[in-house]
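Working notes for the structure below.
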Protein chains: 4
Amino acid sequence: MKNTFGNSLSVTLFGESHGEAVGAVIDGLAPGIEIDEEFIASQLDLRRPAGKISTARHEGDKVRILSGVFNSKATGTPLALIIENENTKSADYEKTRYLARPSHADYTAQVKYRGYQDYRGGGHFSGRITAPLVAAGAVAVDMLRKKGVYIATHIKNLHGVCDRDFDYLKNDIDYLNSIPYAVLDENAKEKMIAETEKAAAQGDSVGGTLETAVIGLEAGLGEPWFDSIESQLAHILFSVPAVKGVEFGAGFGFANMTGSEANDPFYVENSKVKTYTNNNGGINGGITNGMPVIFRCAVKPTPSIFKEQKTIDMNTMENAVLSLKGRHDPAVIHRARVVIDSVTALCIADMLTARHGADWFGGE
Amino acid sequence: MKNTFGNSLSVTLFGESHGEAVGAVIDGLAPGIEIDEEFIASQLDLRRPAGKISTARHEGDKVRILSGVFNSKATGTPLALIIENENTKSADYEKTRYLARPSHADYTAQVKYRGYQDYRGGGHFSGRITAPLVAAGAVAVDMLRKKGVYIATHIKNLHGVCDRDFDYLKNDIDYLNSIPYAVLDENAKEKMIAETEKAAAQGDSVGGTLETAVIGLEAGLGEPWFDSIESQLAHILFSVPAVKGVEFGAGFGFANMTGSEANDPFYVENSKVKTYTNNNGGINGGITNGMPVIFRCAVKPTPSIFKEQKTIDMNTMENAVLSLKGRHDPAVIHRARVVIDSVTALCIADMLTARHGADWFGGE
Amino acid sequence: MKNTFGNSLSVTLFGESHGEAVGAVIDGLAPGIEIDEEFIASQLDLRRPAGKISTARHEGDKVRILSGVFNSKATGTPLALIIENENTKSADYEKTRYLARPSHADYTAQVKYRGYQDYRGGGHFSGRITAPLVAAGAVAVDMLRKKGVYIATHIKNLHGVCDRDFDYLKNDIDYLNSIPYAVLDENAKEKMIAETEKAAAQGDSVGGTLETAVIGLEAGLGEPWFDSIESQLAHILFSVPAVKGVEFGAGFGFANMTGSEANDPFYVENSKVKTYTNNNGGINGGITNGMPVIFRCAVKPTPSIFKEQKTIDMNTMENAVLSLKGRHDPAVIHRARVVIDSVTALCIADMLTARHGADWFGGE
Amino acid sequence: MKNTFGNSLSVTLFGESHGEAVGAVIDGLAPGIEIDEEFIASQLDLRRPAGKISTARHEGDKVRILSGVFNSKATGTPLALIIENENTKSADYEKTRYLARPSHADYTAQVKYRGYQDYRGGGHFSGRITAPLVAAGAVAVDMLRKKGVYIATHIKNLHGVCDRDFDYLKNDIDYLNSIPYAVLDENAKEKMIAETEKAAAQGDSVGGTLETAVIGLEAGLGEPWFDSIESQLAHILFSVPAVKGVEFGAGFGFANMTGSEANDPFYVENSKVKTYTNNNGGINGGITNGMPVIFRCAVKPTPSIFKEQKTIDMNTMENAVLSLKGRHDPAVIHRARVVIDSVTALCIADMLTARHGADWFGGE
């Protein structure tokens, strides 16, 4: 197996929560594209836990680029970046080492890796690994913007509190990308934070739904059958921890629609083909039609809660009770939004590289 | 690009609706596994349009195996199978050739293939291509059964009419695999058929939701990050035409849950690890935990409807009106269930082959 | 495993010598390129056994295209082609079924496929499978010619009889592609045929060396390290049965050279960069430098000989003696040349597709 | 493109000669295998320039493992390792920056990367990148030894000075792996060193041939056609800088043989199948037959020589003259032997992982 996504522009992830460092290798970058380390840092800031509603682990998440960049530009050879792990209190994890945290990967890792996994802080399954993923994604986000492709994600639903729908997409996208907590409706945002704090106060956590829009994407991107754009996007979206559902356009809403309600009729305006509605989320037959690509991800509540939980001791194979302590988020959804943007950008940049060739993003 | 899914057990698809033949190549089969042509035929029967609620195109869908089978057993070399296209009334499609059917792939194919695509009957995007996919999938379904892994899919929701939940899974799976119209509750089935016929009478179509259960699957299958079992399954599930959403376990229901509601506590029973609930659909951290794998697919209404629709003429690039005639389904969801089973089986068989090696399915 | 070569333009092979049909699926073709069935047939003619020096099995090798072509042009979707097997005298092979032919794949197939392989005529290992490979390759050869890239292969050495070196490459390439027995020096050709007939008269066979030139290839093609052009070409060249060595430029001759003899100094002529010598065979650091790409393949003598040979009975696992009868070639090298051209073209077309994008070969 | 080799056990390389660090990511390791850092260091020692016959650049080449190892055992998740670059005199390279060193990758990199490449010391094309490759390979070499598979490489020919043939393979392999300069015949070794020093004294360099033996490899490994063991090994062997030819068994020697001379007759001894000769280098039909796998690589003379050479200025695109100074090897072949062992081990470990499943190397 390879922890690699993408064929033309690929990203390989490595690292454990409490190991030496986490990192990523990106390959297939067009020579000459600018690598904006400040933008990478600002994307990492969006992912970083902050404030009352996030875990107390604070790290600089300083990215060190080891290769593939020369004079601030991509050389076209593999770009390796690492983020050193610091502030790793391993001792926290020893006591509960054999107690499988429910809905975490502890038990499945124990089976798959036969006891050899680094169990500290979730090891390779830790959300910590999304840091290099976001750093790699930042490069892709930046590449796409320079080609007129813009991505943004907002919290559509947090434990029942809903944001307004996307409206003027370009404005909404610009707005979302300028704020740390990605909600369009200020009022909904306050309620979401309150809802999260309420859960935190109870030692509990909350789930939600993220909605993403991609605009400026050319028509004709994607493949029929196995490499449909939905297949490729869903593949990488389901790599993001806590994502348990992905739907495009009307998604599960299609179940209650008729064809005449669901179909998106075409029209021509100023020689550009559009559709009156966008129930298909900008995708027909697995291929973009030039309308905005819209999808939603279901994000499950953070499994780390402070309430007592039933579980097993994987060493004795007996039933047990788990009381978690330490640093945990009552919600990850507000931090996950930049991870979703990142993987979306990586996936689309890969598809555009395949379609237009390796140098396309490099201009000229 | 490659129209291929799978690394260890792979399937490659080819064909157009009105071309010479459609087919598939499966590679990585363990030498010695039986290839049961009757079972393949019976799976194709489940996919085949039948009765008032399906299109009037009837074909034998006779599978011809060209290679990879010797004395009714897989040799271990690539198994190629084809189904000849017959009864292809091409003339039907000439008149409306340039009118992009809304929510079909006509327009996106025109952009992607620059006018060179075989436009007859949807060409390579036709549901017809699911015939060899089901034939290939039948081989995988059969392989898995012999290893104690059983798959079944039912119509959970058809335009608002809901089937009952899965109950005793083994019984439900056996029942579903014995009936052509996959609904557990006989009463719901009648209502679904009535709903479909009502839509048909109006020249319209209906969508729905399919729910799939996989039992008997070992714990520890899947990879962290990019090749999580959710990533791999979603990849191939979104290859199935009309699938616009995929959710595992509680899926989008997680959005309104707290961690304490959502988490699946572990317990040990007769030395076997189980969870009290299965909100995670048998998957933690992208890896199976030994509980049943449960997921649902949103299926959009068949885009081919007989109501007049607005569209464009792709030749003149002017607005136009489309009135479809010909053979079309008011619903595909009852036929899609076997396609979902097929791709699920292909995906899982690929993962098991990767984990246990090429000969594992061959026994000894 | 996948019997597939190429990532951007890929070819998948299937079939057994005495099965129903052999075939190939090509994916990633640019929409709109012409598929010249006559050219495909003419390439197959070059591969077909003919005359006294080749096996007596004569087949039409008629290619049937099942998909991916519409109005004689590639649609851009997978192109599947098959060649039916006819004239398959299976009975010939029953008697010696368990006697492993030395230097053939009989024994290794028996181990790998655990006795389930189709043993008739070498099954999937038969040179027969090069027929669809040549058919697929013909499409690539044709694509490349239209982009100014020309390939030809000659017999450099047949059992010690040597052809002259390449001279004016374009002339030599045109000449070789116009003749069925690819030798530049008419005199050498006569001697080679005599040598082959001499071996045939003794129930023996002969090996040799094929030399290939590719001209018109742009500089900058290939990747550093794992996907160097040498790596990719060698990968597919070693797929050709009987090829046991591949060398680029001076190849093994480098062993006896100094750096000052071996290096190819650069110069500029009419703004074009050239090298005074071409010991590196047009490749520096795994990447084309714009000079002709030159390589040679060692082709072992056909293992099927009529002399009595020691071997084992794979059923009884005892020592045995084998006397082959039937249809066999005293040399395959004159037929292999078109296989080498084919795989070279497939490999280069894949690399150009990766570099320039999927539509590049489609022009406009 | 991906700088990755292997599907089941994969290695990804990154780094530039004068960048921050060079490194590799290995994925697909069986959980629980020991990671012997001392052995890794000792393999790196074999690669490291030493003595009069190698470049004067001395570095610790200290490997830092960032992930995938816990308590000195592989966890089964990606193992990332880096080697920091120190002692990098960049200034050396500025003066001759635009002068393409003949037979180096300077010109091809300039074309491929359009001037954005890190040109210092060959950048990503530098032999320096073989350091992490050897480190990764050491893990594979060690894994294989524990499964009874042993690999060694000797200098068969250095500028015309030849070592003796392999004899008792196990003894020879053990001997070669115990000495830094891999020649079996002590006398030949002295002559080779003298030959190298002679070239060095003239500011020149020498090429040669490396011969590799792999013993203990099971029969049945490899695939027919595109993933033959020859295809896979040649793919990675041609990734090694300076390798310009690869031949298996008799290789190019087959050209002058008849079938009756070339074929390797089988016999049974103590229930084990063997061949009387091994002209096929342990491979029939692309699959191992249980005999030792034998191959040779042609290694071109180091292109960096101190004699004046004609070349071009890539900036002005005018003819120029190059006089190299700095640190350069008069031969790399004695250092390349461990690189060949490394890539051979990586390739074989990948194939064994594919065949037997991910946990096979982990024992139990």
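Order determines the names: the first chain of the structure tokens is A, the second B, and so forth; residues in each chain are numbered 1 upward, and ligands are numbered 1 upward as they are shown.
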Give me the residues of chain D that have any atom at most 6 Å from an atom of chain A; for each, the nearest atom pair and the distance in Å, rounded to one decimal. Use only C-alpha atoms, sort by chain and number, and format it as JSON lines.
```
{"residue": "D:Met1", "atom": "CA", "partner": "A:Ser8", "partner_atom": "CA", "distance": 4.8}
{"residue": "D:Lys2", "atom": "CA", "partner": "A:Asp27", "partner_atom": "CA", "distance": 5.6}
{"residue": "D:Ser8", "atom": "CA", "partner": "A:Met1", "partner_atom": "CA", "distance": 4.8}
{"residue": "D:Phe14", "atom": "CA", "partner": "A:Pro78", "partner_atom": "CA", "distance": 5.4}
{"residue": "D:Gly15", "atom": "CA", "partner": "A:Ser67", "partner_atom": "CA", "distance": 4.8}
{"residue": "D:Gly19", "atom": "CA", "partner": "A:Ser67", "partner_atom": "CA", "distance": 6.0}
{"residue": "D:Glu20", "atom": "CA", "partner": "A:Leu66", "partner_atom": "CA", "distance": 4.9}
{"residue": "D:Ala21", "atom": "CA", "partner": "A:Leu66", "partner_atom": "CA", "distance": 5.4}
{"residue": "D:Asp27", "atom": "CA", "partner": "A:Lys2", "partner_atom": "CA", "distance": 5.6}
{"residue": "D:Gly28", "atom": "CA", "partner": "A:Met1", "partner_atom": "CA", "distance": 5.1}
{"residue": "D:Pro31", "atom": "CA", "partner": "A:Tyr113", "partner_atom": "CA", "distance": 5.4}
{"residue": "D:Gly32", "atom": "CA", "partner": "A:Tyr116", "partner_atom": "CA", "distance": 5.6}
{"residue": "D:Leu66", "atom": "CA", "partner": "A:Glu20", "partner_atom": "CA", "distance": 4.9}
{"residue": "D:Ser67", "atom": "CA", "partner": "A:Gly15", "partner_atom": "CA", "distance": 4.8}
{"residue": "D:Phe70", "atom": "CA", "partner": "A:Asp118", "partner_atom": "CA", "distance": 5.9}
{"residue": "D:Thr75", "atom": "CA", "partner": "A:Gln117", "partner_atom": "CA", "distance": 4.6}
{"residue": "D:Pro78", "atom": "CA", "partner": "A:Phe14", "partner_atom": "CA", "distance": 5.4}
{"residue": "D:Tyr113", "atom": "CA", "partner": "A:Pro31", "partner_atom": "CA", "distance": 5.4}
{"residue": "D:Tyr116", "atom": "CA", "partner": "A:Thr75", "partner_atom": "CA", "distance": 5.0}
{"residue": "D:Gln117", "atom": "CA", "partner": "A:Thr75", "partner_atom": "CA", "distance": 4.6}
{"residue": "D:Asp118", "atom": "CA", "partner": "A:Phe70", "partner_atom": "CA", "distance": 5.9}
```
Query raised in the report: Counting only C-alpha atoms, what is within 9 Å of Leu44 in chain A, bar same-chain residues fewer than 5 positions away, as a PyMOL selection string?
Result: chain A and resi 39+61-62+131-132+134-135+138+338
Since we have the selection now, will you write its residues out, keeping all heavy atoms, as a PDB file, in the first residue's frame?
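What landed in part_20.pdb:
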```
ATOM      1  N   PHE A  39       1.509  31.972   2.979  1.00  0.00           N
ATOM      2  CA  PHE A  39       0.168  31.442   2.754  1.00  0.00           C
ATOM      3  C   PHE A  39       0.022  30.045   3.379  1.00  0.00           C
ATOM      4  O   PHE A  39      -1.001  29.722   3.988  1.00  0.00           O
ATOM      5  CB  PHE A  39      -0.167  31.388   1.260  1.00  0.00           C
ATOM      6  CG  PHE A  39      -1.541  30.859   1.001  1.00  0.00           C
ATOM      7  CD1 PHE A  39      -2.661  31.567   1.419  1.00  0.00           C
ATOM      8  CD2 PHE A  39      -1.732  29.628   0.369  1.00  0.00           C
ATOM      9  CE1 PHE A  39      -3.939  31.064   1.211  1.00  0.00           C
ATOM     10  CE2 PHE A  39      -3.005  29.125   0.162  1.00  0.00           C
ATOM     11  CZ  PHE A  39      -4.112  29.844   0.572  1.00  0.00           C
ATOM     12  N   ASP A  61       3.642  24.618  14.608  1.00  0.00           N
ATOM     13  CA  ASP A  61       3.394  23.988  13.311  1.00  0.00           C
ATOM     14  C   ASP A  61       4.255  24.609  12.234  1.00  0.00           C
ATOM     15  O   ASP A  61       3.792  24.859  11.117  1.00  0.00           O
ATOM     16  CB  ASP A  61       1.920  24.128  12.918  1.00  0.00           C
ATOM     17  CG  ASP A  61       1.064  23.120  13.649  1.00  0.00           C
ATOM     18  OD1 ASP A  61       1.615  22.241  14.337  1.00  0.00           O
ATOM     19  OD2 ASP A  61      -0.170  23.204  13.524  1.00  0.00           O
ATOM     20  N   LYS A  62       5.499  24.831  12.575  1.00  0.00           N
ATOM     21  CA  LYS A  62       6.372  25.482  11.606  1.00  0.00           C
ATOM     22  C   LYS A  62       6.777  24.491  10.520  1.00  0.00           C
ATOM     23  O   LYS A  62       7.370  23.449  10.813  1.00  0.00           O
ATOM     24  CB  LYS A  62       7.599  26.036  12.321  1.00  0.00           C
ATOM     25  CG  LYS A  62       8.143  27.270  11.595  1.00  0.00           C
ATOM     26  CD  LYS A  62       9.336  27.895  12.263  1.00  0.00           C
ATOM     27  CE  LYS A  62      10.391  28.293  11.233  1.00  0.00           C
ATOM     28  NZ  LYS A  62       9.891  28.658   9.897  1.00  0.00           N
ATOM     29  N   ALA A 131      -1.940  18.298   9.545  1.00  0.00           N
ATOM     30  CA  ALA A 131      -1.107  19.507   9.419  1.00  0.00           C
ATOM     31  C   ALA A 131      -0.284  19.481   8.132  1.00  0.00           C
ATOM     32  O   ALA A 131      -0.394  20.404   7.315  1.00  0.00           O
ATOM     33  CB  ALA A 131      -0.226  19.695  10.651  1.00  0.00           C
ATOM     34  N   PRO A 132       0.519  18.438   7.880  1.00  0.00           N
ATOM     35  CA  PRO A 132       1.230  18.434   6.587  1.00  0.00           C
ATOM     36  C   PRO A 132       0.286  18.336   5.385  1.00  0.00           C
ATOM     37  O   PRO A 132       0.607  18.824   4.293  1.00  0.00           O
ATOM     38  CB  PRO A 132       2.139  17.197   6.677  1.00  0.00           C
ATOM     39  CG  PRO A 132       1.596  16.378   7.794  1.00  0.00           C
ATOM     40  CD  PRO A 132       0.957  17.335   8.749  1.00  0.00           C
ATOM     41  N   VAL A 134      -2.577  19.870   5.148  1.00  0.00           N
ATOM     42  CA  VAL A 134      -2.998  21.249   4.906  1.00  0.00           C
ATOM     43  C   VAL A 134      -1.855  22.044   4.276  1.00  0.00           C
ATOM     44  O   VAL A 134      -2.081  22.861   3.371  1.00  0.00           O
ATOM     45  CB  VAL A 134      -3.485  21.901   6.218  1.00  0.00           C
ATOM     46  CG1 VAL A 134      -3.609  23.417   6.074  1.00  0.00           C
ATOM     47  CG2 VAL A 134      -4.825  21.289   6.626  1.00  0.00           C
ATOM     48  N   ALA A 135      -0.639  21.796   4.727  1.00  0.00           N
ATOM     49  CA  ALA A 135       0.509  22.502   4.139  1.00  0.00           C
ATOM     50  C   ALA A 135       0.633  22.160   2.657  1.00  0.00           C
ATOM     51  O   ALA A 135       0.809  23.046   1.814  1.00  0.00           O
ATOM     52  CB  ALA A 135       1.790  22.128   4.892  1.00  0.00           C
ATOM     53  N   ALA A 138      -2.175  23.724   0.758  1.00  0.00           N
ATOM     54  CA  ALA A 138      -2.035  25.171   0.566  1.00  0.00           C
ATOM     55  C   ALA A 138      -1.350  25.473  -0.760  1.00  0.00           C
ATOM     56  O   ALA A 138      -1.704  26.427  -1.453  1.00  0.00           O
ATOM     57  CB  ALA A 138      -1.247  25.774   1.728  1.00  0.00           C
ATOM     58  N   VAL A 338     -10.565  23.689   6.675  1.00  0.00           N
ATOM     59  CA  VAL A 338      -9.370  23.938   5.872  1.00  0.00           C
ATOM     60  C   VAL A 338      -8.759  22.623   5.364  1.00  0.00           C
ATOM     61  O   VAL A 338      -8.089  22.600   4.319  1.00  0.00           O
ATOM     62  CB  VAL A 338      -8.331  24.778   6.660  1.00  0.00           C
ATOM     63  CG1 VAL A 338      -7.729  23.990   7.806  1.00  0.00           C
ATOM     64  CG2 VAL A 338      -7.241  25.302   5.735  1.00  0.00           C
TER      65      VAL A 338
END
```
Requested in this report: If you run DSSP over the backbone, which residues in range 75-277 of chain C end up strand (DSSP E)? Put them as a PyMOL selection string.
Outcome: chain C and resi 79-84+150-158+161-162+208-215+243-248+266-269+272-275
Requested in this report: Please provide as a list in words all residues within 9 Å of Tyr93 in chain C, with the sequence filter that same-chain residues fewer than 4 positions apart are discarded (counting only C-alpha atoms).
Outcome: Lys89, Arg97, Tyr119, Arg120, Gly121 and Gly326 of chain C
Query - Close residues, range 262-273 of chain D itself excluded, 7 Å, only C-alpha atoms, min 4 positions apart in chain, as a list of chain:residue names - result: C:Pro102, C:Ser103, C:Pro301, C:Pro303, C:Gln309, C:Lys310, C:Thr311, C:Ile312, C:Met317, C:Glu318, C:Asn319, D:Phe254, D:Met257, D:Thr258, D:Thr277, D:Asn278, D:Asn279
